[in-house]
Number of protein chains: 2
Amino acid sequence: MATMRDVADRAGVSIATVSFVVNNTKPVSASTRERIEAAMAELGFRRNVVARALASRRTRILALAYPALEHRLSTSAVEFITSAAREASSHDYHLVVWPVSNDSAELADLVGQGLVDGVLLMEVQLDDPRVGLLQSMGMPFALIGRTEDPTGLDYVDIDFDTSLELCVSHLWDLGHRRIALISGDQSVPSFERYGPYVRMDQAYRRIANERGFEEIVLGVRSGARYGREIATELTRIAPDVTGVVIFDEPAAAGLLAGLHTLGRRVPEDVSVVSAIAAIDQAFACDPPLTAVTAPGVELGLLAVQALVRRLEGGTPLPPQLRTGSFVLGESTAPPPASGRRRAATRRTS
Amino acid sequence: MATMRDVADRAGVSIATVSFVVNNTKPVSASTRERIEAAMAELGFRRNVVARALASRRTRILALAYPALEHRLSTSAVEFITSAAREASSHDYHLVVWPVSNDSAELADLVGQGLVDGVLLMEVQLDDPRVGLLQSMGMPFALIGRTEDPTGLDYVDIDFDTSLELCVSHLWDLGHRRIALISGDQSVPSFERYGPYVRMDQAYRRIANERGFEEIVLGVRSGARYGREIATELTRIAPDVTGVVIFDEPAAAGLLAGLHTLGRRVPEDVSVVSAIAAIDQAFACDPPLTAVTAPGVELGLLAVQALVRRLEGGTPLPPQLRTGSFVLGESTAPPPASGRRRAATRRTS
DNA sequence: CTGAAAGCGCTTACAG
DNA sequence: CTGAAAGCGCTTACAG
């Protein structure tokens, strides 16, 4: 590999001047620039990023830190990673992946190595210890998700309120009045204070209150098998529910299967909406799920933009909340006659 | 951040000696080592990996290059990435992700930057131009998948023969004699010479020949919606097929849904086995799919091991082929009576 | 507009 | 066992 020294010699200039044209950081006369560019082309010069990193004290590498919990990341996580990597690349950054344990000592160790300029934090808990850690180490970061009070932090997240509003409105407009939320089971240790679950719950309770329908909330562990189980529980606890919003991608498929096994038809007897699901996942269900998609690609892009902005010293980007698209599947329909009657009654009262 | 200079000053030694104990690369007297270790602890010293990389000409960074095609990576890709990153980490390497286009110019550009010591290549085509590129640039690499003739290359891959054998044997042992393969549609441009499809086809034809059953092969585009369509086509083209092996995770779910819509019961009328599927995906189907799982975690680990071995100059690891586990779901059963009779007849003939 | 020189924080022969 | 010194390939004040 040719170095700047080689290029400089060939063009008859100093390496400083070569650096100026490579980085376009100082004015260089047209003729000199031409000679240098010719020399670079002839030698196939590529600037060594490691040397640049050491000299400039900026590695232009970003880390994506995600807790490698026992549950695998959702389908949209790949979209997220890919999207973040591409956006990073477009800003001339690289993206390393750090599947760190919950233990923040591991994160501290990695940060201490000086490899990265900034960190993207996924799967943020409401009181995430990693946030304080990064702050104390002076390492710039952006969150995908957010802590309880994210004031002053760079973050991007799903707009849970709007997402759930889309789901509930759809059911409501079809005539449903008994609408349950199946959200994450927060009794599972690693999900005790899991932001998405908490926020989805809050959004549901607010909407239920506004619209005046009874709150029916069930928690489900993530996974198709648990979705099957929750179908039984739902039928036992609230047999008159006609509309369900479920917030767990794998469990949603299981719920459909479980209802099917129980002889409850979707959508004739029960309508199901998946809050935050990969589009392909929704199509893979039987019937295809009505769903709000996960804005994974967009969030990956925005998170990198926020972090890069912070690193390059521009004005920080404001927090970004995003909602996926509403996709009409075949898992929703007006409630069965009895339900509709009851709803009608209530409406006229 | 404390540097080696700081540590050396504090311990009253030269930075060379500090380097020797940090890297455990030369004998150092116990007392000196103690003083240095104490100084490191007091200063919270962390060796700067960028400086080390420049000086040692080894960055200890690996790249995972995957073509960001229009189709998203399968669920197991996340497992793969995570597994590779963890294994890399255990060898004190980092993993950067490079979602490069099919155009190998982009890969050449990235390699030329000198950031990584080696490359893991995913989604390898039978005549993958990236292989020649990396060889010509002198960049060590390992394949996940393999080219047509992978002699001399480091690679790990799924054992398609054994995987399909597991699927077919299961159906055969249940009494099925009309067994179709639904594999990838190779008429889609980016999948023309896609190794997994080609190898799965070959394995099927070999097995069909050995066991003496008629070859029935359909191609399906990846995606749940196409799985639905293929259900119709299968029913039209080969209505008497009782056993199906499908090799596309998203399409498998769609196939079940499509058969259901057509009034064909699984497994009573048709048995379906998914070749190479994420376990959770199989559970998410209705009925739960009998499947051979994708050995994504294992392959990620093995690929990194092979590459690291090559980089550290040990004896190269031999190629590794791996088969996932056979998971019995509820999508397979003996063929319906007519099919069974025919099979019995044939067997006694 | 251009160059000489210091420096980024390490590793690694080479000497002793 | 330990150290002085060169060098990895760049960037960046500082001078001119």
# chains A, B, ... in the order shown; residues from 1 in each chain; ligands from 1
>>> closest_atom_pairs(of="chain A", to="chain D", cutoff="7 Å", atoms="only C-alpha atoms (C1' of nucleotides)", output="JSON lines")
{"residue": "A:Thr3", "atom": "CA", "partner": "D:DG9", "partner_atom": "C1'", "distance": 7.0}
{"residue": "A:Asn48", "atom": "CA", "partner": "D:DG9", "partner_atom": "C1'", "distance": 6.8}
{"residue": "A:Ala51", "atom": "CA", "partner": "D:DC10", "partner_atom": "C1'", "distance": 4.6}
{"residue": "A:Arg52", "atom": "CA", "partner": "D:DC10", "partner_atom": "C1'", "distance": 4.7}
{"residue": "A:Ala55", "atom": "CA", "partner": "D:DT11", "partner_atom": "C1'", "distance": 5.2}
{"residue": "A:Ser56", "atom": "CA", "partner": "D:DT11", "partner_atom": "C1'", "distance": 5.6}
>>> residues_around(residues="B:Phe283", least_positions_apart="2", cutoff="10 Å", atoms="only C-alpha atoms (C1' of nucleotides)", output="list of chain:residue names")
A:Gly223, A:Ala224, A:Arg225, A:Arg228, A:Pro250, A:Ala251, A:Ala253, A:Gly254, A:Ala257, B:Ala278, B:Ile279, B:Asp280, B:Gln281, B:Cys285, B:Asp286, B:Pro287, B:Pro288, B:Leu289, B:Thr290, B:Ala291, B:Val327, B:Gly329, B:Glu330
>>> write_last_selection(atoms="N, CA, C and O atoms", output="PDB file, in the first residue's frame")
ATOM      1  N   GLY A 223     -42.110 -14.521  22.765  1.00  0.00           N
ATOM      2  CA  GLY A 223     -41.949 -15.830  22.152  1.00  0.00           C
ATOM      3  C   GLY A 223     -43.289 -16.386  21.707  1.00  0.00           C
ATOM      4  O   GLY A 223     -44.321 -16.160  22.336  1.00  0.00           O
ATOM      5  N   ALA A 224     -43.245 -17.123  20.610  1.00  0.00           N
ATOM      6  CA  ALA A 224     -44.475 -17.636  20.028  1.00  0.00           C
ATOM      7  C   ALA A 224     -45.223 -18.563  20.999  1.00  0.00           C
ATOM      8  O   ALA A 224     -46.444 -18.541  21.109  1.00  0.00           O
ATOM      9  N   ARG A 225     -44.470 -19.347  21.732  1.00  0.00           N
ATOM     10  CA  ARG A 225     -45.135 -20.308  22.615  1.00  0.00           C
ATOM     11  C   ARG A 225     -45.932 -19.598  23.706  1.00  0.00           C
ATOM     12  O   ARG A 225     -46.979 -20.049  24.134  1.00  0.00           O
ATOM     13  N   ARG A 228     -49.199 -18.410  22.443  1.00  0.00           N
ATOM     14  CA  ARG A 228     -50.235 -19.453  22.479  1.00  0.00           C
ATOM     15  C   ARG A 228     -50.871 -19.533  23.860  1.00  0.00           C
ATOM     16  O   ARG A 228     -52.090 -19.639  24.002  1.00  0.00           O
ATOM     17  N   PRO A 250     -43.074 -11.961  18.209  1.00  0.00           N
ATOM     18  CA  PRO A 250     -43.200 -13.420  18.181  1.00  0.00           C
ATOM     19  C   PRO A 250     -44.484 -13.900  18.853  1.00  0.00           C
ATOM     20  O   PRO A 250     -45.126 -14.845  18.387  1.00  0.00           O
ATOM     21  N   ALA A 251     -44.869 -13.245  19.919  1.00  0.00           N
ATOM     22  CA  ALA A 251     -46.073 -13.672  20.632  1.00  0.00           C
ATOM     23  C   ALA A 251     -47.322 -13.459  19.794  1.00  0.00           C
ATOM     24  O   ALA A 251     -48.309 -14.193  19.935  1.00  0.00           O
ATOM     25  N   ALA A 253     -47.828 -13.960  16.623  1.00  0.00           N
ATOM     26  CA  ALA A 253     -48.072 -15.141  15.791  1.00  0.00           C
ATOM     27  C   ALA A 253     -48.627 -16.272  16.658  1.00  0.00           C
ATOM     28  O   ALA A 253     -49.550 -16.987  16.268  1.00  0.00           O
ATOM     29  N   GLY A 254     -48.047 -16.425  17.842  1.00  0.00           N
ATOM     30  CA  GLY A 254     -48.508 -17.462  18.741  1.00  0.00           C
ATOM     31  C   GLY A 254     -49.940 -17.236  19.189  1.00  0.00           C
ATOM     32  O   GLY A 254     -50.729 -18.175  19.333  1.00  0.00           O
ATOM     33  N   ALA A 257     -52.283 -18.408  16.537  1.00  0.00           N
ATOM     34  CA  ALA A 257     -52.316 -19.866  16.526  1.00  0.00           C
ATOM     35  C   ALA A 257     -53.118 -20.392  17.719  1.00  0.00           C
ATOM     36  O   ALA A 257     -53.928 -21.311  17.588  1.00  0.00           O
TER      37      ALA A 257
ATOM     38  N   ALA B 278     -35.244 -20.657  11.764  1.00  0.00           N
ATOM     39  CA  ALA B 278     -35.008 -20.277  13.150  1.00  0.00           C
ATOM     40  C   ALA B 278     -36.046 -20.979  14.009  1.00  0.00           C
ATOM     41  O   ALA B 278     -37.209 -21.097  13.630  1.00  0.00           O
ATOM     42  N   ILE B 279     -35.621 -21.449  15.133  1.00  0.00           N
ATOM     43  CA  ILE B 279     -36.511 -22.228  15.975  1.00  0.00           C
ATOM     44  C   ILE B 279     -37.752 -21.440  16.381  1.00  0.00           C
ATOM     45  O   ILE B 279     -38.869 -21.946  16.354  1.00  0.00           O
ATOM     46  N   ASP B 280     -37.562 -20.182  16.694  1.00  0.00           N
ATOM     47  CA  ASP B 280     -38.696 -19.387  17.132  1.00  0.00           C
ATOM     48  C   ASP B 280     -39.683 -19.162  15.996  1.00  0.00           C
ATOM     49  O   ASP B 280     -40.887 -19.082  16.186  1.00  0.00           O
ATOM     50  N   GLN B 281     -39.125 -19.051  14.806  1.00  0.00           N
ATOM     51  CA  GLN B 281     -39.944 -18.885  13.624  1.00  0.00           C
ATOM     52  C   GLN B 281     -40.851 -20.094  13.433  1.00  0.00           C
ATOM     53  O   GLN B 281     -42.020 -19.974  13.107  1.00  0.00           O
ATOM     54  N   CYS B 285     -45.384 -20.502  13.730  1.00  0.00           N
ATOM     55  CA  CYS B 285     -46.300 -20.933  12.681  1.00  0.00           C
ATOM     56  C   CYS B 285     -47.472 -21.707  13.253  1.00  0.00           C
ATOM     57  O   CYS B 285     -47.447 -22.178  14.388  1.00  0.00           O
ATOM     58  N   ASP B 286     -48.482 -21.814  12.424  1.00  0.00           N
ATOM     59  CA  ASP B 286     -49.688 -22.512  12.841  1.00  0.00           C
ATOM     60  C   ASP B 286     -50.047 -23.539  11.787  1.00  0.00           C
ATOM     61  O   ASP B 286     -50.489 -23.149  10.712  1.00  0.00           O
ATOM     62  N   PRO B 287     -49.888 -24.824  12.021  1.00  0.00           N
ATOM     63  CA  PRO B 287     -49.320 -25.416  13.225  1.00  0.00           C
ATOM     64  C   PRO B 287     -47.813 -25.187  13.313  1.00  0.00           C
ATOM     65  O   PRO B 287     -47.203 -24.872  12.301  1.00  0.00           O
ATOM     66  N   PRO B 288     -47.248 -25.388  14.508  1.00  0.00           N
ATOM     67  CA  PRO B 288     -45.812 -25.243  14.664  1.00  0.00           C
ATOM     68  C   PRO B 288     -45.088 -26.140  13.665  1.00  0.00           C
ATOM     69  O   PRO B 288     -45.451 -27.304  13.508  1.00  0.00           O
ATOM     70  N   LEU B 289     -44.117 -25.597  13.011  1.00  0.00           N
ATOM     71  CA  LEU B 289     -43.439 -26.331  11.945  1.00  0.00           C
ATOM     72  C   LEU B 289     -42.448 -27.367  12.456  1.00  0.00           C
ATOM     73  O   LEU B 289     -41.679 -27.105  13.376  1.00  0.00           O
ATOM     74  N   THR B 290     -42.500 -28.508  11.834  1.00  0.00           N
ATOM     75  CA  THR B 290     -41.386 -29.441  11.962  1.00  0.00           C
ATOM     76  C   THR B 290     -40.264 -28.843  11.120  1.00  0.00           C
ATOM     77  O   THR B 290     -40.504 -28.418  10.002  1.00  0.00           O
ATOM     78  N   ALA B 291     -39.076 -28.796  11.674  1.00  0.00           N
ATOM     79  CA  ALA B 291     -38.027 -28.061  10.975  1.00  0.00           C
ATOM     80  C   ALA B 291     -36.634 -28.528  11.360  1.00  0.00           C
ATOM     81  O   ALA B 291     -36.435 -29.171  12.388  1.00  0.00           O
ATOM     82  N   VAL B 327     -36.263 -30.489  14.704  1.00  0.00           N
ATOM     83  CA  VAL B 327     -37.264 -30.145  15.719  1.00  0.00           C
ATOM     84  C   VAL B 327     -38.630 -30.630  15.248  1.00  0.00           C
ATOM     85  O   VAL B 327     -39.115 -30.217  14.188  1.00  0.00           O
ATOM     86  N   GLY B 329     -42.331 -30.596  15.023  1.00  0.00           N
ATOM     87  CA  GLY B 329     -43.468 -29.716  15.291  1.00  0.00           C
ATOM     88  C   GLY B 329     -44.757 -30.477  15.107  1.00  0.00           C
ATOM     89  O   GLY B 329     -44.824 -31.682  15.380  1.00  0.00           O
ATOM     90  N   GLU B 330     -45.760 -29.786  14.632  1.00  0.00           N
ATOM     91  CA  GLU B 330     -47.048 -30.449  14.421  1.00  0.00           C
ATOM     92  C   GLU B 330     -47.492 -30.330  12.971  1.00  0.00           C
ATOM     93  O   GLU B 330     -48.673 -30.445  12.675  1.00  0.00           O
TER      94      GLU B 330
END
>>> closest_residue(among="A:Leu62, A:Val96, A:Met40, A:Ile81", to="chain B", atoms="only C-alpha atoms")
A:Val96
>>> closest_residue(among="A:Asp127, A:Asp154, A:Glu34, A:Asp117", to="chain B", atoms="only C-alpha atoms")
A:Asp117
>>> select_by_dssp(residues="stretch 88-316 of chain B", states="strand (DSSP E or B)", output="MDAnalysis selection string")
chainID B and resid 94:100 118:121 125 141:144 155:158 179:184 194 217:220 243:246 271:277 290:293
>>> closest_residue(among="B:Phe213, B:Phe191, B:Phe80, B:Phe141", to="chain A", atoms="only C-alpha atoms")
B:Phe80
>>> closest_residue(among="B:Leu307, B:Ala85, B:Val7, B:Ile179", to="chain A", atoms="only C-alpha atoms")
B:Ala85
>>> closest_residue(among="B:Arg130, B:Arg265, B:Arg58, B:His94", to="chain A", atoms="only C-alpha atoms")
B:His94
>>> atom_distance(atom1="atom CA of B:Ile216", atom2="atom CA of B:Val198")
15.0 Å
>>> closest_residue(among="B:Leu166, B:Ile15, B:Val124, B:Val49", to="chain A", atoms="only C-alpha atoms")
B:Val49
>>> select_by_dssp(residues="stretch 96-292 of chain B", states="alpha helix (DSSP H)", output="ChimeraX atom specification")
/B:104-112,129-137,160-174,195-211,224-237,249-261,279-284
>>> residues_around(residues="A:Ala238", least_positions_apart="4", cutoff="9 Å", atoms="only C-alpha atoms (C1' of nucleotides)", output="compact mmCIF listing (two decimals) with N, CA and C atoms, in the first residue's frame")
# COMPACT_ATOMS: atom_id res chain seq x y z
N ALA A 180 -58.43 -5.11 24.65
CA ALA A 180 -57.38 -5.48 25.60
C ALA A 180 -56.00 -5.18 25.04
N ILE A 216 -57.97 -3.58 30.18
CA ILE A 216 -57.69 -5.01 30.32
C ILE A 216 -56.27 -5.22 29.81
N GLU A 233 -55.29 -17.72 28.34
CA GLU A 233 -55.52 -16.86 29.49
C GLU A 233 -56.51 -15.74 29.15
N LEU A 234 -56.32 -15.18 27.98
CA LEU A 234 -57.22 -14.11 27.56
C LEU A 234 -58.66 -14.60 27.51
>>> residues_around(residues="A:Pro196", least_positions_apart="6", cutoff="12 Å", atoms="only C-alpha atoms (C1' of nucleotides)", output="PyMOL selection string")
chain A and resi 122-126+144-148+157-161+163-164+183-186+202-203+247-248+275-276
>>> write_last_selection(atoms="C-alpha atoms", output="PDB file, in the first residue's frame")
ATOM      1  CA  MET A 122     -29.909  -0.075  22.159  1.00  0.00           C
ATOM      2  CA  GLU A 123     -32.471  -1.633  24.453  1.00  0.00           C
ATOM      3  CA  VAL A 124     -32.315   1.222  26.889  1.00  0.00           C
ATOM      4  CA  GLN A 125     -33.821   0.640  30.328  1.00  0.00           C
ATOM      5  CA  LEU A 126     -35.705   3.373  32.143  1.00  0.00           C
ATOM      6  CA  ILE A 144     -32.317   4.165  20.717  1.00  0.00           C
ATOM      7  CA  GLY A 145     -35.039   4.243  23.265  1.00  0.00           C
ATOM      8  CA  ARG A 146     -34.825   6.472  26.293  1.00  0.00           C
ATOM      9  CA  THR A 147     -34.456   6.568  30.013  1.00  0.00           C
ATOM     10  CA  GLU A 148     -37.172   7.728  32.345  1.00  0.00           C
ATOM     11  CA  ASP A 157     -37.415   6.226  19.848  1.00  0.00           C
ATOM     12  CA  ILE A 158     -40.665   4.777  18.724  1.00  0.00           C
ATOM     13  CA  ASP A 159     -43.643   7.018  19.339  1.00  0.00           C
ATOM     14  CA  PHE A 160     -45.566   4.577  21.462  1.00  0.00           C
ATOM     15  CA  ASP A 161     -48.505   6.898  22.003  1.00  0.00           C
ATOM     16  CA  SER A 163     -48.485   3.820  17.476  1.00  0.00           C
ATOM     17  CA  LEU A 164     -50.977   2.557  19.982  1.00  0.00           C
ATOM     18  CA  SER A 183     -47.901  -6.221  26.479  1.00  0.00           C
ATOM     19  CA  GLY A 184     -44.576  -7.519  27.730  1.00  0.00           C
ATOM     20  CA  ASP A 185     -44.345  -9.428  30.968  1.00  0.00           C
ATOM     21  CA  GLN A 186     -42.437  -7.121  33.257  1.00  0.00           C
ATOM     22  CA  GLN A 202     -49.076   4.072  29.892  1.00  0.00           C
ATOM     23  CA  ALA A 203     -50.313   4.901  26.417  1.00  0.00           C
ATOM     24  CA  PHE A 247     -47.106  -5.776  21.619  1.00  0.00           C
ATOM     25  CA  ASP A 248     -44.676  -8.574  20.974  1.00  0.00           C
ATOM     26  CA  ALA A 275     -48.315  -3.000  17.673  1.00  0.00           C
ATOM     27  CA  ILE A 276     -44.827  -2.621  16.255  1.00  0.00           C
TER      28      ILE A 276
END
>>> residues_around(residues="B:Val116", least_positions_apart="2", cutoff="8 Å", atoms="only C-alpha atoms (C1' of nucleotides)", output="ChimeraX atom specification")
/B:58-63,111,114,118-119
